[in-house]
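Asks: Before we start, here is the structure in question, set down as structure tokens.
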Amino acid sequence: MKRLWTLLVSLKLTIVFTVVICALAVWGSLLTVRHPQLYGQMDEAVLLPFLAQEGARMSVHAFWIIALIVIMAGFAMHLVFCTADKVYSILKNSLPWRSFLPHVVHIGFLAALLGHLVGSVWGFRSQGNIIMQGQAYPVPNAKGLYMRLDDVEVKTSGKGNMEYLRSRVTLLDEGKEIVTKDIEINNPLIYKGIAFYHVDHGAATTGLVLDVDGARVDATLGGVFKTPDKATLALGAVFPDFDVDSGGQAYSRSNEYRNTHVEIMSSDGGVAYLALSRPGAEARLGKRRIRLVDYISSRFAVYTINKDPGIWLIIIGSTLLVGGSATLLFARGEKNELVSREQSGN
């Protein structure tokens, strides 16, 4: 038993763990550079549940991560045993307080490592969330929680440089407004550990202004609208490069916006296709004349949404690690080493 304990707290085991961890990290770095999209998808998921579901399918791309997690767990246990052994020795021999400093560093490292583990189990990172102004969207991995973009304000200088950016967001829980906050660059909205970062913004066409038999109608893309005679019409599919095949079926020849048309459908099964390239284009749906008058644009913002429930453990651990290391530099005596040769090992 004593031999086993000596092995668990030995410096040689520390060196073995360090070499293996470095080797796995180098291997993983090379793989992530070669397959950025694959690991980008993994980066947006909750890591450990993702590995449990997809690890076997990803084979070598996930093996090094799983191996690194296992080795880091072993290293953490080794560090716990080593620290407990040394602290016991310090207390037993009534050594100076400075003798605790290396182990404060160890505890800080363990706390930060535990924080990363908590984030890997219950945290997530979701990028590229496009939110249209006035609309509510579900927050990833947060059941019942929605976010709504209320406003976007941008100020630019005379040279066109952005001076100020603000987006106002409201969070809703089961339809009830719970938080409204202005998000600015480096000033995210944080709610129950979920952080919302504004990363981009712009405007997009979300509807059309139509003239239906002389009456103005506002129609939302993908939505329904009423005609002057109370008939119900709907805007259907958008064809970027519109064409009709030999069977009379509409399709898009490519994904490039060369000859864009939108499908207009009536409740009785009638279909027409309206060109969107310029205002003034017309289409006929039965006896109705439909003319494109203008476009309806809405602002949008793009958000990165992160949750890291272990962030406070990481902050506390990093503070202990850095503070303990800094104190070590100034707490050493001129004649005495902080830790004697018999006490060293980690």
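Residue names in the structure tokens use chain letters A, B, ... in the order shown, residue numbers from 1 in each chain, and ligand numbers from 1 in the order shown.
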Among range 53-136 of chain A, which residues does DSSP mark as strand (DSSP E) when it is run on the backbone? Keep the chain and numbering as in the structure and answer as a ChimeraX atom specification.

Replies: /A:124-132,136

Asks: Save the residues we just selected, N, CA and C atoms, as a PDB file, in the first residue's frame?

Replies:
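And here is the file that came out, out05.pdb:
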```pdb
ATOM      1  N   PHE A 124     -22.660  25.642 -23.192  1.00  0.00           N
ATOM      2  CA  PHE A 124     -22.732  25.569 -24.650  1.00  0.00           C
ATOM      3  C   PHE A 124     -22.245  26.877 -25.254  1.00  0.00           C
ATOM      4  N   ARG A 125     -21.949  26.849 -26.542  1.00  0.00           N
ATOM      5  CA  ARG A 125     -21.592  28.038 -27.311  1.00  0.00           C
ATOM      6  C   ARG A 125     -22.315  27.959 -28.643  1.00  0.00           C
ATOM      7  N   SER A 126     -23.168  28.934 -28.909  1.00  0.00           N
ATOM      8  CA  SER A 126     -23.957  28.944 -30.141  1.00  0.00           C
ATOM      9  C   SER A 126     -23.660  30.230 -30.912  1.00  0.00           C
ATOM     10  N   GLN A 127     -23.136  30.087 -32.123  1.00  0.00           N
ATOM     11  CA  GLN A 127     -22.758  31.241 -32.943  1.00  0.00           C
ATOM     12  C   GLN A 127     -23.720  31.419 -34.112  1.00  0.00           C
ATOM     13  N   GLY A 128     -23.742  32.645 -34.662  1.00  0.00           N
ATOM     14  CA  GLY A 128     -24.510  32.909 -35.873  1.00  0.00           C
ATOM     15  C   GLY A 128     -26.011  32.906 -35.673  1.00  0.00           C
ATOM     16  N   ASN A 129     -26.491  33.344 -34.505  1.00  0.00           N
ATOM     17  CA  ASN A 129     -27.926  33.429 -34.253  1.00  0.00           C
ATOM     18  C   ASN A 129     -28.461  34.745 -34.832  1.00  0.00           C
ATOM     19  N   ILE A 130     -29.209  34.650 -35.931  1.00  0.00           N
ATOM     20  CA  ILE A 130     -29.727  35.834 -36.625  1.00  0.00           C
ATOM     21  C   ILE A 130     -31.138  36.129 -36.100  1.00  0.00           C
ATOM     22  N   ILE A 131     -31.317  37.308 -35.521  1.00  0.00           N
ATOM     23  CA  ILE A 131     -32.587  37.701 -34.918  1.00  0.00           C
ATOM     24  C   ILE A 131     -33.141  38.910 -35.667  1.00  0.00           C
ATOM     25  N   MET A 132     -34.319  38.766 -36.249  1.00  0.00           N
ATOM     26  CA  MET A 132     -34.966  39.865 -36.954  1.00  0.00           C
ATOM     27  C   MET A 132     -35.660  40.778 -35.946  1.00  0.00           C
ATOM     28  N   ALA A 136     -39.397  37.078 -32.038  1.00  0.00           N
ATOM     29  CA  ALA A 136     -38.821  36.330 -30.927  1.00  0.00           C
ATOM     30  C   ALA A 136     -38.318  34.978 -31.415  1.00  0.00           C
TER      31      ALA A 136
END
```

Asks: Write out as a Markdown table the residues of range 58-94 of chain A that have any atom within 10 Å of an atom of range 33-42 of chain A, one row each with the nearest atom pair and its distance in Å to one decimal, counting only C-alpha atoms, sorted by chain and then rising number.

Replies:
```
| residue | atom | partner | partner_atom | distance |
| --- | --- | --- | --- | --- |
| A:Met58 | CA | A:Leu38 | CA | 9.3 |
| A:His61 | CA | A:Tyr39 | CA | 8.4 |
| A:Ala62 | CA | A:Tyr39 | CA | 9.4 |
```

Asks: Given the choices A:Ser267, A:Leu51, A:Gly28, A:Leu110, which gets closest to Phe81 in chain A if the distance is worked out from only C-alpha atoms?

Replies: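 For Phe81 in chain A, the nearest of the candidates is A:Leu110.
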
Asks: Can you pull out the residues contacting range 101-106 of chain A? Cut-off 7 Å, using only C-alpha atoms, and skip same-chain residues under 4 positions away; I want them as a list in words.

Replies: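 After dropping sequence-adjacent residues, the list is Thr83, Leu110, Leu320, Leu321, Gly324, Ser325 and Leu328 of chain A.
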
Asks: Range 232-257 of chain A near range 221-224 of chain A within 10 Å: what's each residue's closest atom pair and its distance in Å to one decimal, counting only C-alpha atoms, ordered by chain then ascending residue number, as JSON lines?

Replies:
```
{"residue": "A:Thr232", "atom": "CA", "partner": "A:Val224", "partner_atom": "CA", "distance": 6.8}
{"residue": "A:Leu233", "atom": "CA", "partner": "A:Val224", "partner_atom": "CA", "distance": 5.6}
{"residue": "A:Ala234", "atom": "CA", "partner": "A:Val224", "partner_atom": "CA", "distance": 4.1}
{"residue": "A:Leu235", "atom": "CA", "partner": "A:Gly222", "partner_atom": "CA", "distance": 5.1}
{"residue": "A:Gly236", "atom": "CA", "partner": "A:Gly222", "partner_atom": "CA", "distance": 5.4}
{"residue": "A:Ala237", "atom": "CA", "partner": "A:Gly222", "partner_atom": "CA", "distance": 7.3}
{"residue": "A:Val238", "atom": "CA", "partner": "A:Leu221", "partner_atom": "CA", "distance": 8.7}
```

Asks: Determine which residues of range 32-167 of chain A receive a DSSP assignment of helix (DSSP H, G or I), computed from the backbone, and state them as an NGL selection string.

Replies: :A and (32-34 or 36-43 or 47-58 or 60-92 or 97-122)

Asks: Excluding range 206-217 of chain A and its own-chain neighbours fewer than 3 positions away, which residues fall within 12 Å of it when counting only C-alpha atoms? Please give them as a PyMOL selection string.

Replies: chain A and resi 132-135+203+220-236+238+262+264+274-276+278-300

Asks: Write a file of the selected residues as a short mmCIF file (atom, residue, chain, number, x, y, z; two decimals), in the first residue's frame, keeping N, CA and C atoms.

Replies:
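Result written to out_2.cif:
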```
data_model
loop_
_atom_site.label_atom_id
_atom_site.label_comp_id
_atom_site.auth_asym_id
_atom_site.auth_seq_id
_atom_site.Cartn_x
_atom_site.Cartn_y
_atom_site.Cartn_z
N MET A 132 -34.32 38.77 -36.25
CA MET A 132 -34.97 39.86 -36.95
C MET A 132 -35.66 40.78 -35.95
N GLN A 133 -35.64 42.07 -36.24
CA GLN A 133 -36.25 43.03 -35.33
C GLN A 133 -37.76 42.78 -35.20
N GLY A 134 -38.22 42.78 -33.94
CA GLY A 134 -39.63 42.58 -33.66
C GLY A 134 -40.05 41.14 -33.54
N GLN A 135 -39.16 40.20 -33.80
CA GLN A 135 -39.52 38.80 -33.74
C GLN A 135 -38.79 38.11 -32.59
N ALA A 203 -29.61 44.68 -42.54
CA ALA A 203 -31.02 44.76 -42.91
C ALA A 203 -31.29 43.75 -44.01
N THR A 220 -46.01 39.81 -45.97
CA THR A 220 -44.79 39.27 -45.39
C THR A 220 -44.35 38.03 -46.16
N LEU A 221 -43.05 37.92 -46.44
CA LEU A 221 -42.53 36.74 -47.13
C LEU A 221 -42.88 35.49 -46.33
N GLY A 222 -43.49 34.52 -47.01
CA GLY A 222 -43.90 33.31 -46.34
C GLY A 222 -45.21 33.44 -45.58
N GLY A 223 -45.86 34.61 -45.66
CA GLY A 223 -47.10 34.82 -44.93
C GLY A 223 -48.30 34.97 -45.85
N VAL A 224 -49.46 35.19 -45.25
CA VAL A 224 -50.71 35.37 -45.99
C VAL A 224 -51.15 36.83 -45.91
N PHE A 225 -51.98 37.25 -46.86
CA PHE A 225 -52.51 38.60 -46.85
C PHE A 225 -53.87 38.62 -47.53
N LYS A 226 -54.63 39.67 -47.27
CA LYS A 226 -55.98 39.81 -47.80
C LYS A 226 -55.99 40.77 -48.99
N THR A 227 -56.80 40.47 -49.99
CA THR A 227 -57.00 41.34 -51.14
C THR A 227 -58.17 42.29 -50.86
N PRO A 228 -58.34 43.31 -51.69
CA PRO A 228 -59.47 44.23 -51.47
C PRO A 228 -60.82 43.54 -51.42
N ASP A 229 -60.98 42.43 -52.13
CA ASP A 229 -62.27 41.72 -52.10
C ASP A 229 -62.30 40.62 -51.05
N LYS A 230 -61.38 40.72 -50.03
CA LYS A 230 -61.34 39.83 -48.87
C LYS A 230 -60.86 38.40 -49.19
N ALA A 231 -60.33 38.19 -50.37
CA ALA A 231 -59.77 36.88 -50.68
C ALA A 231 -58.42 36.73 -49.97
N THR A 232 -58.04 35.50 -49.71
CA THR A 232 -56.78 35.23 -49.02
C THR A 232 -55.73 34.73 -50.00
N LEU A 233 -54.60 35.42 -50.03
CA LEU A 233 -53.47 35.02 -50.86
C LEU A 233 -52.26 34.77 -49.94
N ALA A 234 -51.28 34.09 -50.48
CA ALA A 234 -50.08 33.78 -49.68
C ALA A 234 -48.85 33.89 -50.56
N LEU A 235 -47.77 34.37 -49.96
CA LEU A 235 -46.46 34.37 -50.62
C LEU A 235 -45.77 33.05 -50.28
N GLY A 236 -45.40 32.30 -51.30
CA GLY A 236 -44.79 31.00 -51.10
C GLY A 236 -43.29 31.00 -51.29
N VAL A 238 -39.49 31.30 -52.74
CA VAL A 238 -38.71 32.27 -53.51
C VAL A 238 -37.72 31.50 -54.37
N VAL A 262 -41.08 35.27 -56.77
CA VAL A 262 -41.75 34.72 -55.60
C VAL A 262 -43.07 34.10 -56.04
N ILE A 264 -46.91 33.24 -55.66
CA ILE A 264 -48.13 33.79 -55.04
C ILE A 264 -49.24 32.77 -55.25
N LEU A 274 -44.19 36.27 -59.38
CA LEU A 274 -43.93 37.70 -59.51
C LEU A 274 -42.43 37.94 -59.45
N ALA A 275 -41.91 38.66 -60.46
CA ALA A 275 -40.48 39.00 -60.48
C ALA A 275 -40.16 40.01 -59.38
N LEU A 276 -39.01 39.80 -58.74
CA LEU A 276 -38.62 40.67 -57.63
C LEU A 276 -37.42 41.55 -57.96
N ARG A 278 -37.16 44.28 -59.70
CA ARG A 278 -37.36 45.73 -59.67
C ARG A 278 -38.83 46.03 -59.40
N PRO A 279 -39.11 47.16 -58.71
CA PRO A 279 -40.50 47.59 -58.56
C PRO A 279 -41.14 47.85 -59.92
N GLY A 280 -42.41 47.58 -60.02
CA GLY A 280 -43.13 47.75 -61.28
C GLY A 280 -43.43 46.45 -61.98
N ALA A 281 -42.76 45.37 -61.56
CA ALA A 281 -43.02 44.07 -62.18
C ALA A 281 -44.45 43.63 -61.84
N GLU A 282 -45.08 42.94 -62.78
CA GLU A 282 -46.47 42.54 -62.60
C GLU A 282 -46.66 41.05 -62.85
N ALA A 283 -47.73 40.54 -62.23
CA ALA A 283 -48.13 39.14 -62.45
C ALA A 283 -49.66 39.09 -62.36
N ARG A 284 -50.23 38.10 -63.01
CA ARG A 284 -51.69 37.93 -62.95
C ARG A 284 -52.02 36.60 -62.29
N LEU A 285 -52.95 36.68 -61.34
CA LEU A 285 -53.42 35.50 -60.63
C LEU A 285 -54.93 35.44 -60.83
N GLY A 286 -55.35 34.64 -61.80
CA GLY A 286 -56.76 34.66 -62.21
C GLY A 286 -57.07 36.00 -62.85
N LYS A 287 -58.05 36.68 -62.32
CA LYS A 287 -58.43 38.00 -62.85
C LYS A 287 -57.71 39.14 -62.12
N ARG A 288 -56.93 38.81 -61.11
CA ARG A 288 -56.26 39.84 -60.31
C ARG A 288 -54.94 40.25 -60.94
N ARG A 289 -54.70 41.56 -60.91
CA ARG A 289 -53.42 42.09 -61.36
C ARG A 289 -52.62 42.48 -60.11
N ILE A 290 -51.44 41.89 -60.00
CA ILE A 290 -50.59 42.14 -58.82
C ILE A 290 -49.29 42.79 -59.29
N ARG A 291 -48.99 43.96 -58.72
CA ARG A 291 -47.79 44.71 -59.12
C ARG A 291 -46.91 44.95 -57.90
N LEU A 292 -45.62 44.80 -58.11
CA LEU A 292 -44.64 45.05 -57.03
C LEU A 292 -44.40 46.55 -56.93
N VAL A 293 -44.66 47.11 -55.75
CA VAL A 293 -44.48 48.54 -55.53
C VAL A 293 -43.15 48.83 -54.83
N ASP A 294 -42.86 48.07 -53.78
CA ASP A 294 -41.64 48.34 -53.00
C ASP A 294 -41.32 47.11 -52.16
N TYR A 295 -40.20 47.22 -51.45
CA TYR A 295 -39.75 46.13 -50.58
C TYR A 295 -39.88 46.58 -49.12
N ILE A 296 -40.18 45.66 -48.25
CA ILE A 296 -40.22 45.92 -46.81
C ILE A 296 -38.95 45.33 -46.21
N SER A 297 -38.15 46.20 -45.60
CA SER A 297 -36.89 45.75 -45.00
C SER A 297 -36.99 45.81 -43.48
N SER A 298 -36.34 44.88 -42.83
CA SER A 298 -36.28 44.84 -41.38
C SER A 298 -34.82 44.69 -40.95
N ARG A 299 -34.51 45.33 -39.84
CA ARG A 299 -33.16 45.19 -39.31
C ARG A 299 -33.00 43.83 -38.62
N PHE A 300 -31.78 43.38 -38.60
CA PHE A 300 -31.48 42.15 -37.87
C PHE A 300 -30.15 42.32 -37.15
#
```

Asks: Counting only C-alpha atoms, figure out which residue out of A:Tyr251, A:Phe50, A:Trp5, A:Phe17 gets nearest to Trp122 in chain A.

Replies: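 Of A:Tyr251, A:Phe50, A:Trp5, A:Phe17, the one nearest Trp122 in chain A is A:Phe50, counting only C-alpha atoms.
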
Asks: Would you mind reading off the distance between CA of Ala76 in chain A and CA of Val9 in chain A, one decimal, in Å?

Replies: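 These two atoms are separated by 11.6 Å.
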
Asks: At what distance in Å, to one decimal, does CA of Tyr273 in chain A lie from CA of Tyr257 in chain A?

Replies: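 Answer for the CA of Tyr257 in chain A to CA of Tyr273 in chain A separation: 15.3 Å.
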